[in-house]
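Heads up, target_9.json below (JSON, C-alpha atoms):
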[["chain", "number", "residue", "atom", "x", "y", "z"],
["X", 1, "MET", "CA", 60.44, 96.10, 112.35],
["X", 2, "HIS", "CA", 63.45, 95.54, 114.61],
["X", 3, "ALA", "CA", 66.71, 97.26, 113.62],
["X", 4, "PHE", "CA", 68.48, 93.95, 113.05],
["X", 5, "ASP", "CA", 65.64, 92.78, 110.80],
["X", 6, "VAL", "CA", 66.13, 95.91, 108.73],
["X", 7, "LEU", "CA", 69.92, 95.49, 108.58],
["X", 8, "GLY", "CA", 69.75, 91.72, 108.14],
["X", 9, "GLU", "CA", 69.02, 92.25, 104.45],
["X", 10, "PRO", "CA", 72.25, 92.61, 102.39],
["X", 11, "VAL", "CA", 70.65, 95.01, 99.90],
["X", 12, "ARG", "CA", 69.63, 97.40, 102.67],
["X", 13, "ARG", "CA", 73.07, 97.21, 104.28],
["X", 14, "ARG", "CA", 74.64, 98.05, 100.93],
["X", 15, "ILE", "CA", 72.31, 100.99, 100.44],
["X", 16, "LEU", "CA", 73.35, 102.35, 103.84],
["X", 17, "GLU", "CA", 77.01, 101.88, 102.89],
["X", 18, "LEU", "CA", 76.40, 103.95, 99.77],
["X", 19, "LEU", "CA", 74.56, 106.64, 101.69],
["X", 20, "ALA", "CA", 77.29, 106.77, 104.34],
["X", 21, "ASP", "CA", 79.44, 108.52, 101.72],
["X", 22, "GLY", "CA", 76.85, 111.28, 101.36],
["X", 23, "GLU", "CA", 73.45, 112.06, 99.91],
["X", 24, "MET", "CA", 72.47, 110.21, 96.76],
["X", 25, "THR", "CA", 69.54, 110.45, 94.42],
["X", 26, "SER", "CA", 67.20, 107.50, 94.34],
["X", 27, "GLY", "CA", 68.22, 106.99, 90.70],
["X", 28, "ALA", "CA", 71.91, 106.75, 91.62],
["X", 29, "VAL", "CA", 71.17, 104.30, 94.43],
["X", 30, "CYS", "CA", 69.02, 102.22, 92.09],
["X", 31, "ALA", "CA", 71.71, 102.13, 89.42],
["X", 32, "VAL", "CA", 74.35, 100.77, 91.81],
["X", 33, "ILE", "CA", 72.05, 98.30, 93.54],
["X", 34, "GLN", "CA", 70.55, 97.02, 90.28],
["X", 35, "GLU", "CA", 74.06, 96.43, 88.93],
["X", 36, "GLU", "CA", 75.37, 94.71, 92.06],
["X", 37, "PHE", "CA", 72.31, 92.65, 93.05],
["X", 38, "ARG", "CA", 70.51, 92.25, 89.71],
["X", 39, "ILE", "CA", 67.16, 93.31, 91.13],
["X", 40, "SER", "CA", 64.49, 95.54, 89.63],
["X", 41, "GLN", "CA", 64.01, 99.25, 90.24],
["X", 42, "PRO", "CA", 60.75, 98.61, 92.13],
["X", 43, "ALA", "CA", 62.60, 96.16, 94.41],
["X", 44, "VAL", "CA", 65.27, 98.78, 95.16],
["X", 45, "SER", "CA", 62.54, 101.33, 95.83],
["X", 46, "GLN", "CA", 60.95, 98.92, 98.30],
["X", 47, "HIS", "CA", 64.26, 98.58, 100.18],
["X", 48, "LEU", "CA", 64.61, 102.36, 100.28],
["X", 49, "LYS", "CA", 61.07, 102.56, 101.66],
["X", 50, "VAL", "CA", 61.88, 100.05, 104.43],
["X", 51, "LEU", "CA", 64.98, 102.07, 105.37],
["X", 52, "ARG", "CA", 62.96, 105.29, 105.34],
["X", 53, "ASP", "CA", 59.97, 103.86, 107.26],
["X", 54, "ASN", "CA", 62.25, 102.45, 109.94],
["X", 55, "GLY", "CA", 64.24, 105.66, 110.35],
["X", 56, "PHE", "CA", 67.55, 104.53, 108.85],
["X", 57, "ALA", "CA", 67.32, 106.86, 105.87],
["X", 58, "THR", "CA", 65.89, 110.29, 105.23],
["X", 59, "VAL", "CA", 64.63, 111.62, 101.93],
["X", 60, "ARG", "CA", 64.24, 115.16, 100.77],
["X", 61, "PRO", "CA", 62.79, 116.37, 97.51],
["X", 62, "GLU", "CA", 64.91, 118.51, 95.23],
["X", 63, "GLY", "CA", 62.84, 119.36, 92.21],
["X", 64, "ALA", "CA", 61.84, 116.11, 90.56],
["X", 65, "ARG", "CA", 64.63, 114.20, 92.33],
["X", 66, "ARG", "CA", 64.63, 112.53, 95.74],
["X", 67, "LEU", "CA", 67.83, 112.72, 97.76],
["X", 68, "TYR", "CA", 68.46, 109.99, 100.31],
["X", 69, "ALA", "CA", 70.82, 110.21, 103.29],
["X", 70, "VAL", "CA", 71.67, 108.13, 106.36],
["X", 71, "ASN", "CA", 69.87, 108.92, 109.58],
["X", 72, "ALA", "CA", 72.42, 108.05, 112.27],
["X", 73, "GLU", "CA", 69.99, 107.89, 115.21],
["X", 74, "PRO", "CA", 68.92, 104.24, 114.81],
["X", 75, "LEU", "CA", 72.56, 103.31, 114.21],
["X", 76, "HIS", "CA", 73.36, 104.87, 117.58],
["X", 77, "ASP", "CA", 70.78, 102.58, 119.19],
["X", 78, "ILE", "CA", 72.51, 99.57, 117.63],
["X", 79, "ASP", "CA", 75.88, 100.86, 118.83],
["X", 80, "VAL", "CA", 74.52, 101.10, 122.39],
["X", 81, "TRP", "CA", 73.22, 97.53, 122.15],
["X", 82, "LEU", "CA", 76.58, 96.30, 120.81],
["X", 83, "ASP", "CA", 78.42, 98.02, 123.65],
["X", 84, "ARG", "CA", 77.84, 95.06, 125.99],
["X", 85, "PHE", "CA", 79.69, 92.82, 123.51],
["X", 86, "ARG", "CA", 82.72, 95.01, 122.81],
["X", 87, "ARG", "CA", 84.63, 93.33, 125.62],
["X", 88, "PHE", "CA", 84.87, 90.24, 123.44],
["X", 89, "TRP", "CA", 86.80, 91.93, 120.64],
["X", 90, "THR", "CA", 88.32, 95.12, 122.08],
["X", 91, "PRO", "CA", 91.27, 93.40, 123.86],
["X", 92, "HIS", "CA", 92.07, 91.49, 120.67],
["X", 93, "LEU", "CA", 92.00, 94.67, 118.59],
["X", 94, "ASP", "CA", 94.17, 96.45, 121.17],
["X", 95, "ALA", "CA", 96.67, 93.59, 121.06],
["X", 96, "LEU", "CA", 96.68, 93.73, 117.26],
["X", 97, "ALA", "CA", 97.32, 97.48, 117.33],
["X", 98, "THR", "CA", 100.25, 96.90, 119.70],
["X", 99, "GLU", "CA", 101.75, 94.24, 117.42],
["X", 100, "LEU", "CA", 101.36, 96.44, 114.36],
["X", 101, "ALA", "CA", 103.05, 99.34, 116.14],
["X", 102, "ARG", "CA", 105.85, 97.03, 117.27],
["X", 103, "GLY", "CA", 106.36, 95.80, 113.69],
["X", 104, "ARG", "CA", 106.44, 99.37, 112.32],
["X", 105, "ARG", "CA", 108.96, 100.36, 114.99],
["X", 106, "GLU", "CA", 111.19, 97.36, 114.20],
["X", 107, "ARG", "CA", 111.08, 98.10, 110.45],
["X", 108, "ARG", "CA", 111.92, 101.74, 111.11],
["X", 109, "LEU", "CA", 114.86, 100.75, 113.34],
["X", 110, "ARG", "CA", 116.14, 98.27, 110.73],
["X", 111, "ALA", "CA", 115.91, 100.93, 108.02],
["X", 112, "THR", "CA", 117.86, 103.35, 110.20],
["X", 113, "ASP", "CA", 120.48, 100.68, 110.96],
["X", 114, "ASP", "CA", 120.80, 99.81, 107.26],
["X", 115, "LYS", "CA", 121.37, 103.47, 106.33],
["X", 116, "SER", "CA", 124.00, 103.97, 109.01],
["X", 117, "ASP", "CA", 125.94, 100.77, 108.17],
["X", 118, "PRO", "CA", 128.04, 101.37, 105.01],
["X", 119, "ALA", "CA", 128.54, 97.61, 104.55],
["X", 120, "LYS", "CA", 124.79, 97.17, 104.01],
["X", 121, "SER", "CA", 124.50, 99.91, 101.40]]
Please rewrite the model in this file as structure tokens.
Amino acid sequence: MHAFDVLGEPVRRRILELLADGEMTSGAVCAVIQEEFRISQPAVSQHLKVLRDNGFATVRPEGARRLYAVNAEPLHDIDVWLDRFRRFWTPHLDALATELARGRRERRLRATDDKSDPAKS
């Protein structure tokens, strides 16, 4: 299965978002996904299996529990593929960062001016 086919499914993307915060038991993942997507435990297990089989998640046994975690390697492959498209949004994000910095600087200067002007206090 192609990486984008795996990540094209909202449930699997959400599972990866959860796992990005750290290892989780399959039961904890199931509880969140069942609540958010209203799907059965076997359906959640199937999504975990797809992530595992395609290398996006790892699982390790800990007693009777199974702990899932993100495997970053396939995500790196996607990042490399996306690299050719970054030129479309990077200049816009850089310009946004410049405007935000300019706005913060102007607010800081206004605050300093207001404090130094007794008539504005």
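Of the residues under consideration (X:Arg87, X:Ser26, X:Asp94, X:Ala31), X:Ser26 shows the shortest atom-to-atom contact distance to X:Arg65 when counting only C-alpha atoms.
The environment of stretch 44-49 of chain X within 8 Å, counting all atoms listed in the file and disregarding residues fewer than 6 places along the same chain, consists of Val11, Arg12, Ile15, Ser26, Cys30, Ile33, Gln34 and Ala57 of chain X.
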Which residues come within 12 Å of X:Glu17, counting all atoms listed in the file, excluding same-chain residues fewer than 5 positions away, as an MDAnalysis selection string? chainID X and resid 7 10:12 22:24 29 32:33 56:57 69:70
Residue nearest X:Tyr68 among X:His92, X:Leu109, X:Asp114, X:Leu18 (counting all atoms listed in the file): X:Leu18
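Atom CA of X:Gly27 to atom CA of X:Ala72 spans 22.0 Å [interatomic distance, one decimal].
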How far is it from atom CA of X:Thr90 to atom CA of X:Leu16, in Å with one decimal? 24.7 Å
Atom CA of X:Thr112 to atom CA of X:Leu93, straight-line distance in Å: 28.5 Å
Centre and edge lengths, as AutoDock Vina command-line options, for the axis-aligned box enclosing every listed atom of stretch 81-86 of chain X with 6 Å of padding on each of the six sides, in Å to one decimal?
--center_x 78.0 --center_y 95.4 --center_z 123.4 --size_x 21.5 --size_y 17.2 --size_z 17.2
Please complete stretch 45-56 of chain X so it has N, CA, C and O atoms, and hand it over as a PDB file, keeping the file's coordinate frame.
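Okay, out-v7.pdb is ready:
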ATOM      1  N   SER X  45      63.418 100.328  95.215  1.00  0.00           N
ATOM      2  CA  SER X  45      62.540 101.330  95.830  1.00  0.00           C
ATOM      3  C   SER X  45      61.901 100.794  97.105  1.00  0.00           C
ATOM      4  O   SER X  45      61.750 101.530  98.087  1.00  0.00           O
ATOM      5  N   GLN X  46      61.543  99.525  97.102  1.00  0.00           N
ATOM      6  CA  GLN X  46      60.950  98.920  98.300  1.00  0.00           C
ATOM      7  C   GLN X  46      61.966  98.888  99.447  1.00  0.00           C
ATOM      8  O   GLN X  46      61.624  99.164 100.600  1.00  0.00           O
ATOM      9  N   HIS X  47      63.221  98.568  99.145  1.00  0.00           N
ATOM     10  CA  HIS X  47      64.260  98.580 100.180  1.00  0.00           C
ATOM     11  C   HIS X  47      64.484  99.988 100.715  1.00  0.00           C
ATOM     12  O   HIS X  47      64.654 100.180 101.924  1.00  0.00           O
ATOM     13  N   LEU X  48      64.476 100.974  99.836  1.00  0.00           N
ATOM     14  CA  LEU X  48      64.610 102.360 100.280  1.00  0.00           C
ATOM     15  C   LEU X  48      63.439 102.742 101.191  1.00  0.00           C
ATOM     16  O   LEU X  48      63.623 103.426 102.202  1.00  0.00           O
ATOM     17  N   LYS X  49      62.259 102.283 100.844  1.00  0.00           N
ATOM     18  CA  LYS X  49      61.070 102.560 101.660  1.00  0.00           C
ATOM     19  C   LYS X  49      61.208 101.944 103.049  1.00  0.00           C
ATOM     20  O   LYS X  49      60.886 102.573 104.058  1.00  0.00           O
ATOM     21  N   VAL X  50      61.693 100.711 103.132  1.00  0.00           N
ATOM     22  CA  VAL X  50      61.880 100.050 104.430  1.00  0.00           C
ATOM     23  C   VAL X  50      62.887 100.850 105.269  1.00  0.00           C
ATOM     24  O   VAL X  50      62.655 101.091 106.464  1.00  0.00           O
ATOM     25  N   LEU X  51      63.981 101.267 104.647  1.00  0.00           N
ATOM     26  CA  LEU X  51      64.980 102.070 105.370  1.00  0.00           C
ATOM     27  C   LEU X  51      64.368 103.382 105.853  1.00  0.00           C
ATOM     28  O   LEU X  51      64.583 103.805 106.989  1.00  0.00           O
ATOM     29  N   ARG X  52      63.605 104.018 105.003  1.00  0.00           N
ATOM     30  CA  ARG X  52      62.960 105.290 105.340  1.00  0.00           C
ATOM     31  C   ARG X  52      61.923 105.095 106.446  1.00  0.00           C
ATOM     32  O   ARG X  52      61.921 105.814 107.448  1.00  0.00           O
ATOM     33  N   ASP X  53      61.046 104.107 106.288  1.00  0.00           N
ATOM     34  CA  ASP X  53      59.970 103.860 107.260  1.00  0.00           C
ATOM     35  C   ASP X  53      60.494 103.480 108.631  1.00  0.00           C
ATOM     36  O   ASP X  53      59.822 103.701 109.633  1.00  0.00           O
ATOM     37  N   ASN X  54      61.677 102.877 108.672  1.00  0.00           N
ATOM     38  CA  ASN X  54      62.250 102.450 109.940  1.00  0.00           C
ATOM     39  C   ASN X  54      63.291 103.434 110.480  1.00  0.00           C
ATOM     40  O   ASN X  54      63.984 103.137 111.451  1.00  0.00           O
ATOM     41  N   GLY X  55      63.405 104.585 109.838  1.00  0.00           N
ATOM     42  CA  GLY X  55      64.240 105.660 110.350  1.00  0.00           C
ATOM     43  C   GLY X  55      65.703 105.601 110.002  1.00  0.00           C
ATOM     44  O   GLY X  55      66.480 106.435 110.469  1.00  0.00           O
ATOM     45  N   PHE X  56      66.127 104.642 109.192  1.00  0.00           N
ATOM     46  CA  PHE X  56      67.550 104.530 108.850  1.00  0.00           C
ATOM     47  C   PHE X  56      67.975 105.476 107.737  1.00  0.00           C
ATOM     48  O   PHE X  56      69.154 105.745 107.571  1.00  0.00           O
TER      49      PHE X  56
END
